[in-house]
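Coordinates from work_24.txt are shown below (compact mmCIF, C-alpha atoms and all ligand atoms).
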# COMPACT_ATOMS: atom_id res chain seq x y z
CA MET Z 1 0.00 0.00 0.00
CA THR Z 2 1.23 3.51 -0.77
CA THR Z 3 2.27 5.96 1.90
CA THR Z 4 -0.33 8.02 3.69
CA ARG Z 5 -0.64 11.78 3.76
CA LEU Z 6 -1.69 11.76 7.38
CA PRO Z 7 -0.17 14.52 9.51
CA GLU Z 8 1.69 13.20 12.55
CA LEU Z 9 -0.90 12.72 15.29
CA SER Z 10 0.58 13.02 18.77
CA PRO Z 11 -0.71 10.59 21.39
CA GLU Z 12 -1.98 13.56 23.39
CA THR Z 13 -3.97 14.94 20.42
CA VAL Z 14 -5.64 11.58 19.87
CA ALA Z 15 -6.24 11.01 23.59
CA SER Z 16 -7.92 14.40 23.91
CA ALA Z 17 -10.10 13.62 20.87
CA ALA Z 18 -11.14 10.38 22.59
CA ARG Z 19 -11.95 12.24 25.82
CA ARG Z 20 -14.13 14.66 23.84
CA VAL Z 21 -15.95 11.71 22.24
CA MET Z 22 -16.61 10.11 25.63
CA ALA Z 23 -17.87 13.41 27.11
CA ARG Z 24 -20.16 13.97 24.13
CA CYS Z 25 -21.56 10.42 24.38
CA ASP Z 26 -22.57 11.42 27.93
CA GLU Z 27 -24.02 14.69 26.69
CA LEU Z 28 -26.12 12.97 23.99
CA ALA Z 29 -27.27 10.37 26.55
CA ARG Z 30 -29.02 13.20 28.40
CA VAL Z 31 -31.17 13.93 25.33
CA THR Z 32 -33.88 11.36 25.95
CA ALA Z 33 -37.65 10.93 26.02
CA ASP Z 34 -37.46 8.75 29.17
CA ASP Z 35 -36.30 9.95 32.57
CA GLY Z 36 -33.50 7.74 33.83
CA ALA Z 37 -33.13 5.86 30.52
CA ILE Z 38 -31.94 6.62 26.99
CA THR Z 39 -34.68 6.54 24.36
CA ARG Z 40 -34.38 8.68 21.26
CA VAL Z 41 -36.52 7.82 18.27
CA HIS Z 42 -36.89 9.00 14.70
CA LEU Z 43 -38.47 12.45 14.12
CA SER Z 44 -38.94 13.15 17.84
CA PRO Z 45 -38.08 16.40 19.65
CA GLU Z 46 -34.98 14.55 20.94
CA HIS Z 47 -33.96 13.78 17.36
CA ALA Z 48 -34.11 17.51 16.58
CA ARG Z 49 -32.03 18.34 19.65
CA VAL Z 50 -29.22 15.86 18.91
CA ASN Z 51 -29.12 17.04 15.30
CA ARG Z 52 -28.58 20.60 16.54
CA LEU Z 53 -25.80 19.46 18.88
CA ALA Z 54 -24.13 17.42 16.14
CA ALA Z 55 -24.39 20.38 13.74
CA GLU Z 56 -22.64 22.61 16.27
CA TRP Z 57 -19.83 20.08 16.73
CA MET Z 58 -19.49 19.59 12.98
CA ARG Z 59 -19.16 23.36 12.47
CA GLU Z 60 -16.58 23.58 15.23
CA ALA Z 61 -14.55 20.81 13.50
CA GLY Z 62 -14.45 22.82 10.28
CA MET Z 63 -17.47 21.35 8.45
CA THR Z 64 -20.53 23.00 6.93
CA PRO Z 65 -23.56 21.41 8.59
CA ARG Z 66 -26.98 20.81 7.05
CA GLN Z 67 -29.96 18.56 7.67
CA ASP Z 68 -31.08 16.60 4.61
CA ALA Z 69 -34.60 15.76 3.41
CA ALA Z 70 -34.67 12.57 5.53
CA GLY Z 71 -33.66 14.26 8.79
CA ASN Z 72 -30.06 13.02 8.54
CA GLN Z 73 -27.61 15.53 10.03
CA LEU Z 74 -24.65 16.03 7.68
CA GLY Z 75 -21.38 17.93 7.86
CA LEU Z 76 -19.25 18.60 4.80
CA LEU Z 77 -15.53 19.28 4.61
CA PRO Z 78 -15.21 20.07 0.90
CA ALA Z 79 -12.34 19.26 -1.41
CA ASP Z 80 -10.75 22.10 -3.41
CA ASP Z 81 -12.89 20.99 -6.35
CA PRO Z 82 -16.49 21.62 -5.27
CA ASP Z 83 -17.72 18.90 -7.65
CA ALA Z 84 -15.44 16.22 -6.22
CA PRO Z 85 -17.13 13.17 -4.69
CA VAL Z 86 -17.07 12.61 -0.93
CA LEU Z 87 -15.91 9.86 1.37
CA MET Z 88 -18.77 9.50 3.84
CA LEU Z 89 -18.02 8.73 7.51
CA GLY Z 90 -20.67 8.20 10.13
CA SER Z 91 -23.31 6.18 11.91
CA HIS Z 92 -26.67 6.89 13.58
CA LEU Z 93 -27.95 8.97 16.51
CA ASP Z 94 -31.29 7.22 17.12
CA THR Z 95 -31.58 4.51 19.77
CA VAL Z 96 -33.64 1.52 20.88
CA ILE Z 97 -35.80 1.86 24.01
CA ASP Z 98 -33.68 2.01 27.18
CA ALA Z 99 -30.50 1.99 25.13
CA GLY Z 100 -26.82 2.25 25.86
CA ARG Z 101 -24.88 5.41 25.05
CA PHE Z 102 -22.51 4.18 22.33
CA ASP Z 103 -24.37 2.19 19.65
CA GLY Z 104 -24.28 4.47 16.60
CA ILE Z 105 -23.44 7.60 18.56
CA LEU Z 106 -19.80 6.59 18.94
CA GLY Z 107 -19.35 6.28 15.17
CA VAL Z 108 -20.74 9.76 14.53
CA LEU Z 109 -18.59 11.41 17.19
CA MET Z 110 -15.43 9.56 16.11
CA ALA Z 111 -16.05 10.65 12.52
CA ILE Z 112 -16.27 14.30 13.63
CA GLU Z 113 -12.91 13.94 15.42
CA VAL Z 114 -11.30 12.29 12.40
CA VAL Z 115 -12.35 15.23 10.21
CA ARG Z 116 -10.99 17.65 12.79
CA LEU Z 117 -7.64 15.80 12.80
CA LEU Z 118 -7.36 15.56 9.01
CA ARG Z 119 -8.65 18.95 7.83
CA ARG Z 120 -6.35 21.44 6.16
CA VAL Z 121 -6.85 25.18 6.56
CA ASP Z 122 -6.25 27.05 3.29
CA ASP Z 123 -4.74 30.52 2.75
CA GLU Z 124 -8.12 32.17 3.26
CA GLY Z 125 -8.67 30.38 6.56
CA ARG Z 126 -11.22 27.92 5.17
CA SER Z 127 -11.19 24.28 6.28
CA ARG Z 128 -10.71 21.92 3.34
CA SER Z 129 -10.27 18.20 2.80
CA PRO Z 130 -6.59 17.38 2.22
CA PHE Z 131 -7.65 14.75 -0.33
CA PRO Z 132 -8.92 14.90 -3.91
CA PHE Z 133 -12.37 14.10 -2.45
CA GLY Z 134 -14.44 15.79 0.24
CA LEU Z 135 -15.09 14.30 3.67
CA GLU Z 136 -18.68 14.21 4.86
CA VAL Z 137 -19.95 13.10 8.24
CA ALA Z 138 -23.42 11.56 8.35
CA ALA Z 139 -25.47 11.24 11.54
CA PHE Z 140 -28.30 9.02 10.32
CA SER Z 141 -31.79 9.82 11.54
CA ASP Z 142 -33.10 6.27 11.85
CA GLU Z 143 -31.14 3.05 11.92
CA GLU Z 144 -32.86 1.12 14.71
CA GLY Z 145 -36.43 1.32 13.42
CA THR Z 146 -37.67 1.76 17.00
CA ARG Z 147 -40.58 4.08 16.22
CA PHE Z 148 -41.99 2.77 12.93
CA GLY Z 149 -40.78 -0.84 13.00
CA LYS Z 150 -38.79 -0.33 9.80
CA ALA Z 151 -35.03 0.01 10.26
CA LEU Z 152 -32.53 2.04 8.19
CA LEU Z 153 -34.98 4.77 7.12
CA GLY Z 154 -32.31 7.52 7.12
CA SER Z 155 -29.65 5.60 5.20
CA SER Z 156 -32.22 4.09 2.80
CA ALA Z 157 -33.28 7.61 1.82
CA MET Z 158 -29.63 8.46 1.15
CA ALA Z 159 -29.14 5.25 -0.82
CA GLY Z 160 -32.13 6.15 -3.01
CA THR Z 161 -33.92 2.91 -2.08
CA TRP Z 162 -36.90 4.62 -0.42
CA ASP Z 163 -40.19 2.75 -0.75
CA ASP Z 164 -43.29 4.98 -0.81
CA ALA Z 165 -45.22 2.21 0.99
CA TRP Z 166 -43.28 3.22 4.12
CA TRP Z 167 -45.15 6.54 4.38
CA ASP Z 168 -48.16 4.70 5.80
CA LEU Z 169 -46.20 2.95 8.55
CA ALA Z 170 -47.56 4.08 11.91
CA ASP Z 171 -46.01 4.39 15.36
CA ALA Z 172 -47.62 3.09 18.58
CA ASP Z 173 -49.81 6.23 18.78
CA GLY Z 174 -51.08 5.81 15.22
CA THR Z 175 -48.99 8.68 13.82
CA THR Z 176 -47.89 7.78 10.30
CA LEU Z 177 -44.40 8.32 9.00
CA ARG Z 178 -45.83 10.90 6.60
CA GLU Z 179 -47.41 12.87 9.49
CA ALA Z 180 -44.28 12.59 11.60
CA TYR Z 181 -42.19 14.01 8.73
CA ARG Z 182 -44.46 17.07 8.56
CA GLU Z 183 -44.48 17.52 12.35
CA PHE Z 184 -40.67 17.47 12.28
CA GLY Z 185 -40.68 20.18 9.60
CA LEU Z 186 -39.71 17.93 6.68
CA ASP Z 187 -41.56 17.65 3.36
CA PRO Z 188 -42.30 14.03 2.38
CA GLY Z 189 -42.53 15.17 -1.25
CA ARG Z 190 -38.82 16.05 -1.17
CA ILE Z 191 -37.49 12.72 0.15
CA GLY Z 192 -35.79 12.07 -3.20
CA GLU Z 193 -33.45 15.01 -2.56
CA ALA Z 194 -31.71 12.98 0.17
CA ALA Z 195 -30.59 10.37 -2.39
CA ARG Z 196 -26.98 10.21 -3.58
CA ARG Z 197 -25.68 8.78 -6.81
CA PRO Z 198 -22.80 6.28 -6.85
CA GLU Z 199 -20.49 8.75 -8.64
CA GLN Z 200 -20.95 11.20 -5.73
CA LEU Z 201 -19.56 8.75 -3.17
CA VAL Z 202 -16.00 7.45 -2.87
CA GLY Z 203 -17.23 5.12 -0.14
CA TYR Z 204 -18.78 4.87 3.29
CA LEU Z 205 -16.70 4.12 6.41
CA GLU Z 206 -18.27 3.47 9.79
CA ALA Z 207 -16.87 2.81 13.26
CA HIS Z 208 -19.19 0.95 15.64
CA ILE Z 209 -19.00 -1.00 18.90
CA GLU Z 210 -18.95 -4.72 18.22
CA GLN Z 211 -22.27 -5.64 19.95
CA GLY Z 212 -20.80 -9.05 20.70
CA PRO Z 213 -17.95 -10.44 22.86
CA GLU Z 214 -15.48 -11.61 20.21
CA LEU Z 215 -12.88 -8.81 20.57
CA ASP Z 216 -13.21 -8.85 24.35
CA ARG Z 217 -12.57 -12.62 24.36
CA ARG Z 218 -9.54 -12.22 22.08
CA GLY Z 219 -8.13 -9.34 24.15
CA GLU Z 220 -8.00 -7.07 21.09
CA ALA Z 221 -9.29 -3.52 20.74
CA LEU Z 222 -10.22 -3.26 17.05
CA ALA Z 223 -11.40 -5.41 14.16
CA VAL Z 224 -11.96 -5.14 10.43
CA VAL Z 225 -15.52 -6.04 9.42
CA SER Z 226 -15.81 -8.42 6.46
CA SER Z 227 -19.59 -8.32 5.95
CA ILE Z 228 -22.89 -7.39 7.51
CA ALA Z 229 -25.27 -10.26 8.15
CA SER Z 230 -27.89 -11.41 5.78
CA ALA Z 231 -31.19 -11.69 7.62
CA ARG Z 232 -34.62 -13.20 7.14
CA ARG Z 233 -37.53 -12.85 9.54
CA PHE Z 234 -40.63 -15.00 9.68
CA GLN Z 235 -43.90 -15.06 11.58
CA LEU Z 236 -44.95 -18.67 12.10
CA LEU Z 237 -48.39 -20.04 12.87
CA VAL Z 238 -49.06 -23.46 14.41
CA GLU Z 239 -52.61 -24.82 14.42
CA GLY Z 240 -53.85 -27.64 16.64
CA GLU Z 241 -57.01 -28.03 18.64
CA ALA Z 242 -58.15 -26.13 21.75
CA ARG Z 243 -59.68 -28.56 24.29
CA HIS Z 244 -60.34 -28.93 27.97
CA ALA Z 245 -57.11 -29.09 29.98
CA GLY Z 246 -58.56 -31.54 32.45
CA GLY Z 247 -60.58 -33.87 30.28
CA THR Z 248 -58.30 -34.35 27.26
CA PRO Z 249 -55.88 -37.29 27.55
CA TYR Z 250 -52.37 -36.84 26.15
CA ASP Z 251 -52.93 -39.15 23.20
CA MET Z 252 -55.80 -36.93 22.02
CA ARG Z 253 -54.05 -33.59 22.43
CA ARG Z 254 -52.91 -31.47 19.51
CA ASP Z 255 -51.12 -28.86 21.60
CA ALA Z 256 -49.93 -26.00 19.37
CA LEU Z 257 -47.77 -24.43 22.09
CA LEU Z 258 -45.80 -27.65 22.62
CA GLY Z 259 -45.26 -27.87 18.86
CA ALA Z 260 -44.00 -24.30 18.77
CA SER Z 261 -41.78 -24.93 21.81
CA GLU Z 262 -40.24 -28.00 20.20
CA ALA Z 263 -39.72 -25.91 17.06
CA ALA Z 264 -37.86 -23.23 19.06
CA LEU Z 265 -35.55 -25.87 20.52
CA ALA Z 266 -34.98 -27.32 17.04
CA VAL Z 267 -33.99 -23.85 15.76
CA GLU Z 268 -31.38 -23.64 18.51
CA ARG Z 269 -30.05 -27.16 17.86
CA ILE Z 270 -29.81 -26.72 14.08
CA CYS Z 271 -28.19 -23.26 14.24
CA ARG Z 272 -25.71 -24.30 16.94
CA GLY Z 273 -24.44 -26.95 14.58
CA GLU Z 274 -23.69 -24.34 11.93
CA HIS Z 275 -20.85 -21.86 11.51
CA HIS Z 276 -21.98 -18.20 11.64
CA ILE Z 277 -25.71 -18.89 11.52
CA ILE Z 278 -27.85 -17.49 14.33
CA GLY Z 279 -31.54 -18.24 14.77
CA THR Z 280 -33.66 -16.61 17.48
CA VAL Z 281 -37.27 -17.14 18.51
CA GLY Z 282 -37.99 -13.84 20.26
CA GLN Z 283 -41.80 -13.92 20.37
CA LEU Z 284 -44.08 -16.80 21.32
CA GLU Z 285 -47.81 -16.60 22.05
CA ALA Z 286 -50.42 -19.21 22.81
CA PHE Z 287 -54.13 -18.98 22.01
CA PRO Z 288 -56.75 -18.85 23.38
CA GLY Z 289 -54.29 -18.23 26.23
CA ALA Z 290 -56.41 -19.62 29.06
CA VAL Z 291 -55.00 -21.50 32.05
CA ASN Z 292 -57.41 -24.44 31.62
CA VAL Z 293 -57.36 -24.86 27.83
CA VAL Z 294 -54.91 -26.88 25.71
CA PRO Z 295 -53.50 -24.23 23.30
CA GLY Z 296 -55.15 -24.62 19.91
CA GLU Z 297 -52.97 -22.09 18.19
CA ALA Z 298 -49.46 -20.71 18.68
CA ARG Z 299 -47.60 -17.95 16.93
CA PHE Z 300 -43.88 -17.33 17.07
CA SER Z 301 -41.21 -15.31 15.32
CA LEU Z 302 -37.94 -16.45 13.82
CA ASP Z 303 -34.98 -14.17 13.16
CA LEU Z 304 -32.38 -15.98 11.06
CA ARG Z 305 -29.01 -14.41 10.28
CA GLY Z 306 -25.91 -15.61 8.57
CA GLU Z 307 -22.70 -14.52 6.98
CA PHE Z 308 -23.77 -15.86 3.58
CA ASP Z 309 -27.24 -15.80 2.01
CA ALA Z 310 -26.88 -19.35 0.64
CA ASP Z 311 -26.04 -20.85 4.06
CA ARG Z 312 -28.87 -18.96 5.69
CA ASP Z 313 -31.32 -20.24 3.07
CA ARG Z 314 -30.05 -23.82 3.39
CA VAL Z 315 -30.56 -23.63 7.17
CA TRP Z 316 -34.09 -22.29 6.68
CA ARG Z 317 -34.85 -25.32 4.48
CA ALA Z 318 -33.45 -27.62 7.19
CA ILE Z 319 -35.60 -25.90 9.82
CA SER Z 320 -38.66 -26.23 7.58
CA LEU Z 321 -38.11 -29.99 7.18
CA GLU Z 322 -37.69 -30.33 10.94
CA LEU Z 323 -40.92 -28.38 11.50
CA ASP Z 324 -42.75 -30.69 9.08
CA ASP Z 325 -41.53 -33.61 11.18
CA ILE Z 326 -42.38 -32.10 14.58
CA MET Z 327 -45.82 -30.88 13.56
CA GLY Z 328 -46.59 -34.14 11.72
CA ARG Z 329 -45.82 -36.20 14.84
CA ARG Z 330 -48.03 -33.93 16.94
CA GLY Z 331 -50.96 -33.70 14.54
CA LEU Z 332 -50.41 -29.98 13.97
CA ARG Z 333 -50.37 -27.78 10.90
CA TRP Z 334 -47.89 -24.95 10.42
CA ARG Z 335 -47.13 -22.17 8.00
CA ALA Z 336 -44.66 -19.30 7.81
CA ARG Z 337 -44.96 -15.78 6.48
CA GLU Z 338 -41.72 -14.01 5.58
CA VAL Z 339 -41.80 -10.44 6.89
CA HIS Z 340 -38.24 -9.29 6.18
CA SER Z 341 -35.40 -10.33 3.95
CA ALA Z 342 -32.07 -8.59 3.43
CA PRO Z 343 -29.04 -9.95 1.62
CA ALA Z 344 -25.59 -9.93 3.19
CA VAL Z 345 -23.60 -6.80 2.40
CA PHE Z 346 -19.91 -7.41 1.88
CA CYS Z 347 -17.42 -4.76 2.85
CA ALA Z 348 -15.40 -3.64 -0.17
CA PRO Z 349 -11.94 -5.31 -0.35
CA LEU Z 350 -10.23 -1.91 -0.69
CA LEU Z 351 -12.01 -0.50 2.36
CA GLN Z 352 -11.29 -3.68 4.34
CA ASP Z 353 -7.61 -3.22 3.42
CA VAL Z 354 -7.48 0.43 4.51
CA VAL Z 355 -9.22 -0.36 7.81
CA ARG Z 356 -6.78 -3.24 8.39
CA GLU Z 357 -3.87 -0.95 7.59
CA GLY Z 358 -5.33 1.69 9.92
CA ILE Z 359 -5.59 -0.83 12.77
CA ARG Z 360 -1.99 -1.97 12.19
CA HIS Z 361 -0.75 1.62 12.43
CA SER Z 362 -2.86 2.37 15.45
CA VAL Z 363 -2.40 -0.74 17.56
CA GLY Z 364 1.17 -1.23 16.40
CA ALA Z 365 0.86 -5.00 16.67
CA ALA Z 366 2.73 -7.33 14.37
CA ALA Z 367 -0.23 -9.70 14.50
CA GLU Z 368 -2.91 -9.59 11.83
CA PRO Z 369 -5.93 -7.58 13.04
CA ALA Z 370 -9.08 -9.60 13.68
CA THR Z 371 -11.61 -9.80 10.84
CA LEU Z 372 -15.20 -10.25 12.00
CA PHE Z 373 -18.52 -10.53 10.27
CA SER Z 374 -21.30 -8.45 11.79
CA PRO Z 375 -24.40 -10.39 12.81
CA ALA Z 376 -26.02 -7.03 13.67
CA GLY Z 377 -27.41 -4.69 11.02
CA HIS Z 378 -25.82 -1.30 10.29
CA ASP Z 379 -26.38 1.73 8.05
CA GLY Z 380 -23.82 0.28 5.64
CA MET Z 381 -26.43 -2.35 4.66
CA ALA Z 382 -28.47 0.40 3.02
CA LEU Z 383 -25.53 2.44 1.72
CA GLY Z 384 -24.07 -0.66 0.07
CA ALA Z 385 -26.57 0.03 -2.73
CA VAL Z 386 -24.70 3.20 -3.77
CA ALA Z 387 -21.20 3.05 -2.30
CA PRO Z 388 -18.40 0.67 -1.33
CA VAL Z 389 -18.74 0.10 2.43
CA GLY Z 390 -16.10 -0.43 5.12
CA MET Z 391 -16.44 -0.89 8.88
CA LEU Z 392 -14.24 -0.80 11.96
CA PHE Z 393 -15.39 -2.52 15.17
CA LEU Z 394 -14.35 -1.44 18.66
CA ARG Z 395 -14.18 -3.81 21.62
CA ASN Z 396 -17.46 -3.95 23.55
CA PRO Z 397 -16.71 -5.34 27.06
CA ASP Z 398 -18.84 -8.45 27.69
CA GLY Z 399 -20.48 -7.83 24.31
CA ILE Z 400 -23.54 -6.24 25.86
CA SER Z 401 -25.44 -3.81 23.63
CA HIS Z 402 -28.95 -2.37 23.27
CA HIS Z 403 -28.77 -2.13 27.07
CA PRO Z 404 -27.77 0.62 29.55
CA ASP Z 405 -24.63 -1.36 30.50
CA GLU Z 406 -23.23 -1.07 26.96
CA SER Z 407 -19.66 0.23 27.18
CA VAL Z 408 -16.41 1.07 25.43
CA SER Z 409 -13.15 2.33 26.95
CA ALA Z 410 -11.53 5.72 26.25
CA PRO Z 411 -8.17 4.09 25.35
CA ASP Z 412 -9.96 1.87 22.78
CA VAL Z 413 -11.73 4.94 21.37
CA ALA Z 414 -8.33 6.65 20.99
CA LEU Z 415 -7.00 3.59 19.12
CA GLY Z 416 -10.15 3.60 16.98
CA ILE Z 417 -9.86 7.30 16.10
CA ARG Z 418 -6.26 6.84 14.99
CA ALA Z 419 -7.15 3.73 12.99
CA LEU Z 420 -10.07 5.46 11.28
CA ALA Z 421 -7.96 8.54 10.46
CA GLU Z 422 -5.24 6.28 9.03
CA ALA Z 423 -7.83 4.36 7.02
CA VAL Z 424 -9.17 7.61 5.51
CA ALA Z 425 -5.64 8.73 4.71
CA HIS Z 426 -5.02 5.41 2.97
CA VAL Z 427 -8.10 5.94 0.82
CA GLY Z 428 -6.61 9.35 -0.01
CA ALA Z 429 -3.33 7.72 -1.06
CA GLU Z 430 -5.00 5.26 -3.45
CA PRO Z 431 -4.58 6.06 -7.14
CA ARG Z 432 -7.90 7.41 -8.42
ZN ZN P 1 -25.93 0.83 15.63

Re-express the file's structure as structure tokens.
Ligand SMILES: [Zn+2]
Amino acid sequence: MTTTRLPELSPETVASAARRVMARCDELARVTADDGAITRVHLSPEHARVNRLAAEWMREAGMTPRQDAAGNQLGLLPADDPDAPVLMLGSHLDTVIDAGRFDGILGVLMAIEVVRLLRRVDDEGRSRSPFPFGLEVAAFSDEEGTRFGKALLGSSAMAGTWDDAWWDLADADGTTLREAYREFGLDPGRIGEAARRPEQLVGYLEAHIEQGPELDRRGEALAVVSSIASARRFQLLVEGEARHAGGTPYDMRRDALLGASEAALAVERICRGEHHIIGTVGQLEAFPGAVNVVPGEARFSLDLRGEFDADRDRVWRAISLELDDIMGRRGLRWRAREVHSAPAVFCAPLLQDVVREGIRHSVGAAAEPATLFSPAGHDGMALGAVAPVGMLFLRNPDGISHHPDESVSAPDVALGIRALAEAVAHVGAEPR
């Protein structure tokens, strides 16, 4: 790989950038709809407040801030050529209910610091990108899908993959996405203006906590991400016969809940025998749901993720055969409705290389940096439609995420900032 154009970053400069990131994670954690917990959903007053804070920090780091037509907060550090494409850096500022303070937020704040470290001030005192492309920080407005049940709304708008059917999605209070856009001060008719074209983007780089224990177990701070999981979600229905709990002997029962329970155990057994396939039954309900009635119907969900689409689909076929067997033995009928399907998104080889190179520089280890696949979804899944995607994972102690105990250490954030800055500089050194 060619040499970088990165200015020498002193350990103290990077450490103070990491301290600023940690302090701002705390500051954003205070912008919440729930007292004593962190909850910040799409198009809420809290969303508006964090966008204003991010805009202020972007301006202070030399960028020109603006909010796009999808409520994404952006900050641009232009190249000398105003028509040059941009390398996008970022993550999301929305959260799940009762969230931690780092998922998404960390990636936005690290990106702001990386721009601050890399910017060049020209003769007229204007901040400019030192590369032949601009740098743009994106704070996505919706990644989690907490409010409307549909994830990646902000990055899908940017990727130009918006589906007009989404406008009618409603939140728990019955407010539609269309109404929420208007209440937030956005015009649904202008959503197309958020979209970027492939020639406008050099790539998309995101830093994120791992949301799993792999780096913690290995004793390493940073990893290159190879791909973002492919996922399918199903709602399954099992039909049996509701009968008296006292009077019905076992040989006459067609208990739908027991069929569904056996199915959940089969999902665990089959997926445990696979490499990088994870199946989860997160919802299970019995009907009619009375204490003295054998359940005549059961409904459950299945979330199936894998590194490769083909493996995931093969495992779904194996689960289906097993369900045929279980339900057949128990005199039950079953069917599945697919409610979500997303292909795996592979990180671009070039961006994997620059992240790997960045980690080597930062951690200084002779050993090869870890390469992990991400079983969790990220904004890069949407942006993969218009740009090469790269990701950097930071160690997440105990792997706990989507929970108030989610954590990351300041020294790891400092290593991550240096690695991300080095990675960007390596993109800048690539022949274009
Ligand atoms: Zn996230």

- Message: At a cut-off of 12 Å and counting all atoms listed in the file, what residues surround ligand ZN 1 (chain P)? Please answer as number ranges by chain.
- Response: Z: 90-96, 99-108, 139-146, 151-152, 206-211, 228, 374-381, 391, 393, 401-402, 406

Please write the residues from the selection above to a file, keeping C-alpha atoms, as a PDB file, keeping the file's coordinate frame.
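Once everything was written out, this is again_1.pdb:
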ATOM      1  CA  GLY Z  90     -20.670   8.200  10.130  1.00  0.00           C
ATOM      2  CA  SER Z  91     -23.310   6.180  11.910  1.00  0.00           C
ATOM      3  CA  HIS Z  92     -26.670   6.890  13.580  1.00  0.00           C
ATOM      4  CA  LEU Z  93     -27.950   8.970  16.510  1.00  0.00           C
ATOM      5  CA  ASP Z  94     -31.290   7.220  17.120  1.00  0.00           C
ATOM      6  CA  THR Z  95     -31.580   4.510  19.770  1.00  0.00           C
ATOM      7  CA  VAL Z  96     -33.640   1.520  20.880  1.00  0.00           C
ATOM      8  CA  ALA Z  99     -30.500   1.990  25.130  1.00  0.00           C
ATOM      9  CA  GLY Z 100     -26.820   2.250  25.860  1.00  0.00           C
ATOM     10  CA  ARG Z 101     -24.880   5.410  25.050  1.00  0.00           C
ATOM     11  CA  PHE Z 102     -22.510   4.180  22.330  1.00  0.00           C
ATOM     12  CA  ASP Z 103     -24.370   2.190  19.650  1.00  0.00           C
ATOM     13  CA  GLY Z 104     -24.280   4.470  16.600  1.00  0.00           C
ATOM     14  CA  ILE Z 105     -23.440   7.600  18.560  1.00  0.00           C
ATOM     15  CA  LEU Z 106     -19.800   6.590  18.940  1.00  0.00           C
ATOM     16  CA  GLY Z 107     -19.350   6.280  15.170  1.00  0.00           C
ATOM     17  CA  VAL Z 108     -20.740   9.760  14.530  1.00  0.00           C
ATOM     18  CA  ALA Z 139     -25.470  11.240  11.540  1.00  0.00           C
ATOM     19  CA  PHE Z 140     -28.300   9.020  10.320  1.00  0.00           C
ATOM     20  CA  SER Z 141     -31.790   9.820  11.540  1.00  0.00           C
ATOM     21  CA  ASP Z 142     -33.100   6.270  11.850  1.00  0.00           C
ATOM     22  CA  GLU Z 143     -31.140   3.050  11.920  1.00  0.00           C
ATOM     23  CA  GLU Z 144     -32.860   1.120  14.710  1.00  0.00           C
ATOM     24  CA  GLY Z 145     -36.430   1.320  13.420  1.00  0.00           C
ATOM     25  CA  THR Z 146     -37.670   1.760  17.000  1.00  0.00           C
ATOM     26  CA  ALA Z 151     -35.030   0.010  10.260  1.00  0.00           C
ATOM     27  CA  LEU Z 152     -32.530   2.040   8.190  1.00  0.00           C
ATOM     28  CA  GLU Z 206     -18.270   3.470   9.790  1.00  0.00           C
ATOM     29  CA  ALA Z 207     -16.870   2.810  13.260  1.00  0.00           C
ATOM     30  CA  HIS Z 208     -19.190   0.950  15.640  1.00  0.00           C
ATOM     31  CA  ILE Z 209     -19.000  -1.000  18.900  1.00  0.00           C
ATOM     32  CA  GLU Z 210     -18.950  -4.720  18.220  1.00  0.00           C
ATOM     33  CA  GLN Z 211     -22.270  -5.640  19.950  1.00  0.00           C
ATOM     34  CA  ILE Z 228     -22.890  -7.390   7.510  1.00  0.00           C
ATOM     35  CA  SER Z 374     -21.300  -8.450  11.790  1.00  0.00           C
ATOM     36  CA  PRO Z 375     -24.400 -10.390  12.810  1.00  0.00           C
ATOM     37  CA  ALA Z 376     -26.020  -7.030  13.670  1.00  0.00           C
ATOM     38  CA  GLY Z 377     -27.410  -4.690  11.020  1.00  0.00           C
ATOM     39  CA  HIS Z 378     -25.820  -1.300  10.290  1.00  0.00           C
ATOM     40  CA  ASP Z 379     -26.380   1.730   8.050  1.00  0.00           C
ATOM     41  CA  GLY Z 380     -23.820   0.280   5.640  1.00  0.00           C
ATOM     42  CA  MET Z 381     -26.430  -2.350   4.660  1.00  0.00           C
ATOM     43  CA  MET Z 391     -16.440  -0.890   8.880  1.00  0.00           C
ATOM     44  CA  PHE Z 393     -15.390  -2.520  15.170  1.00  0.00           C
ATOM     45  CA  SER Z 401     -25.440  -3.810  23.630  1.00  0.00           C
ATOM     46  CA  HIS Z 402     -28.950  -2.370  23.270  1.00  0.00           C
ATOM     47  CA  GLU Z 406     -23.230  -1.070  26.960  1.00  0.00           C
TER      48      GLU Z 406
END

- Message: Please list, as number ranges by chain, the residues that have an atom at most 7 Å away from (-44.1, -32.4, 20.4) in the coordinates of this file, counting all atoms listed in the file.
- Response: Z: 258-259, 262, 326, 329-330

- Task: Extract, using only C-alpha atoms, all DNA, RNA and protein residues at most 8 Å from Z:Leu9, discarding same-chain residues fewer than 4 positions from it, and format them as a VMD selection string.
- Result: chain Z and resid 13 to 14 117 418

- stretch 163-165 of chain Z environment, 12 Å, all atoms listed in the file, sequence neighbours closer than 6 positions dropped, as a list in words: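 The filter keeps Lys150, Leu152, Leu153, Ser156, Ala157, Thr176, Leu177, Arg178, Pro188, Gly189, Arg190, Ile191 and Gly192 of chain Z.
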
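Going from atom CA of Z:Cys25 over to atom CA of Z:Arg40, you cover 13.3 Å.
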
- Message: Which residue is closest to Z:Val354? Choose from Z:Ala231, Z:Ala245, Z:Val225, Z:Val413 and count only C-alpha atoms.
- Response: Z:Val225

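Atom CA of Z:Leu383 is positioned 9.8 Å from atom CA of Z:Pro198.
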
- Task: With all atoms listed in the file counted, which protein, DNA or RNA residues have an atom no more than 6 Å from (-43.1, -15.6, 8.9) in the file frame? Please answer as a list of chain:residue names.
- Result: Z:Phe234, Z:Gln235, Z:Leu236, Z:Ala336, Z:Arg337, Z:Glu338, Z:Val339
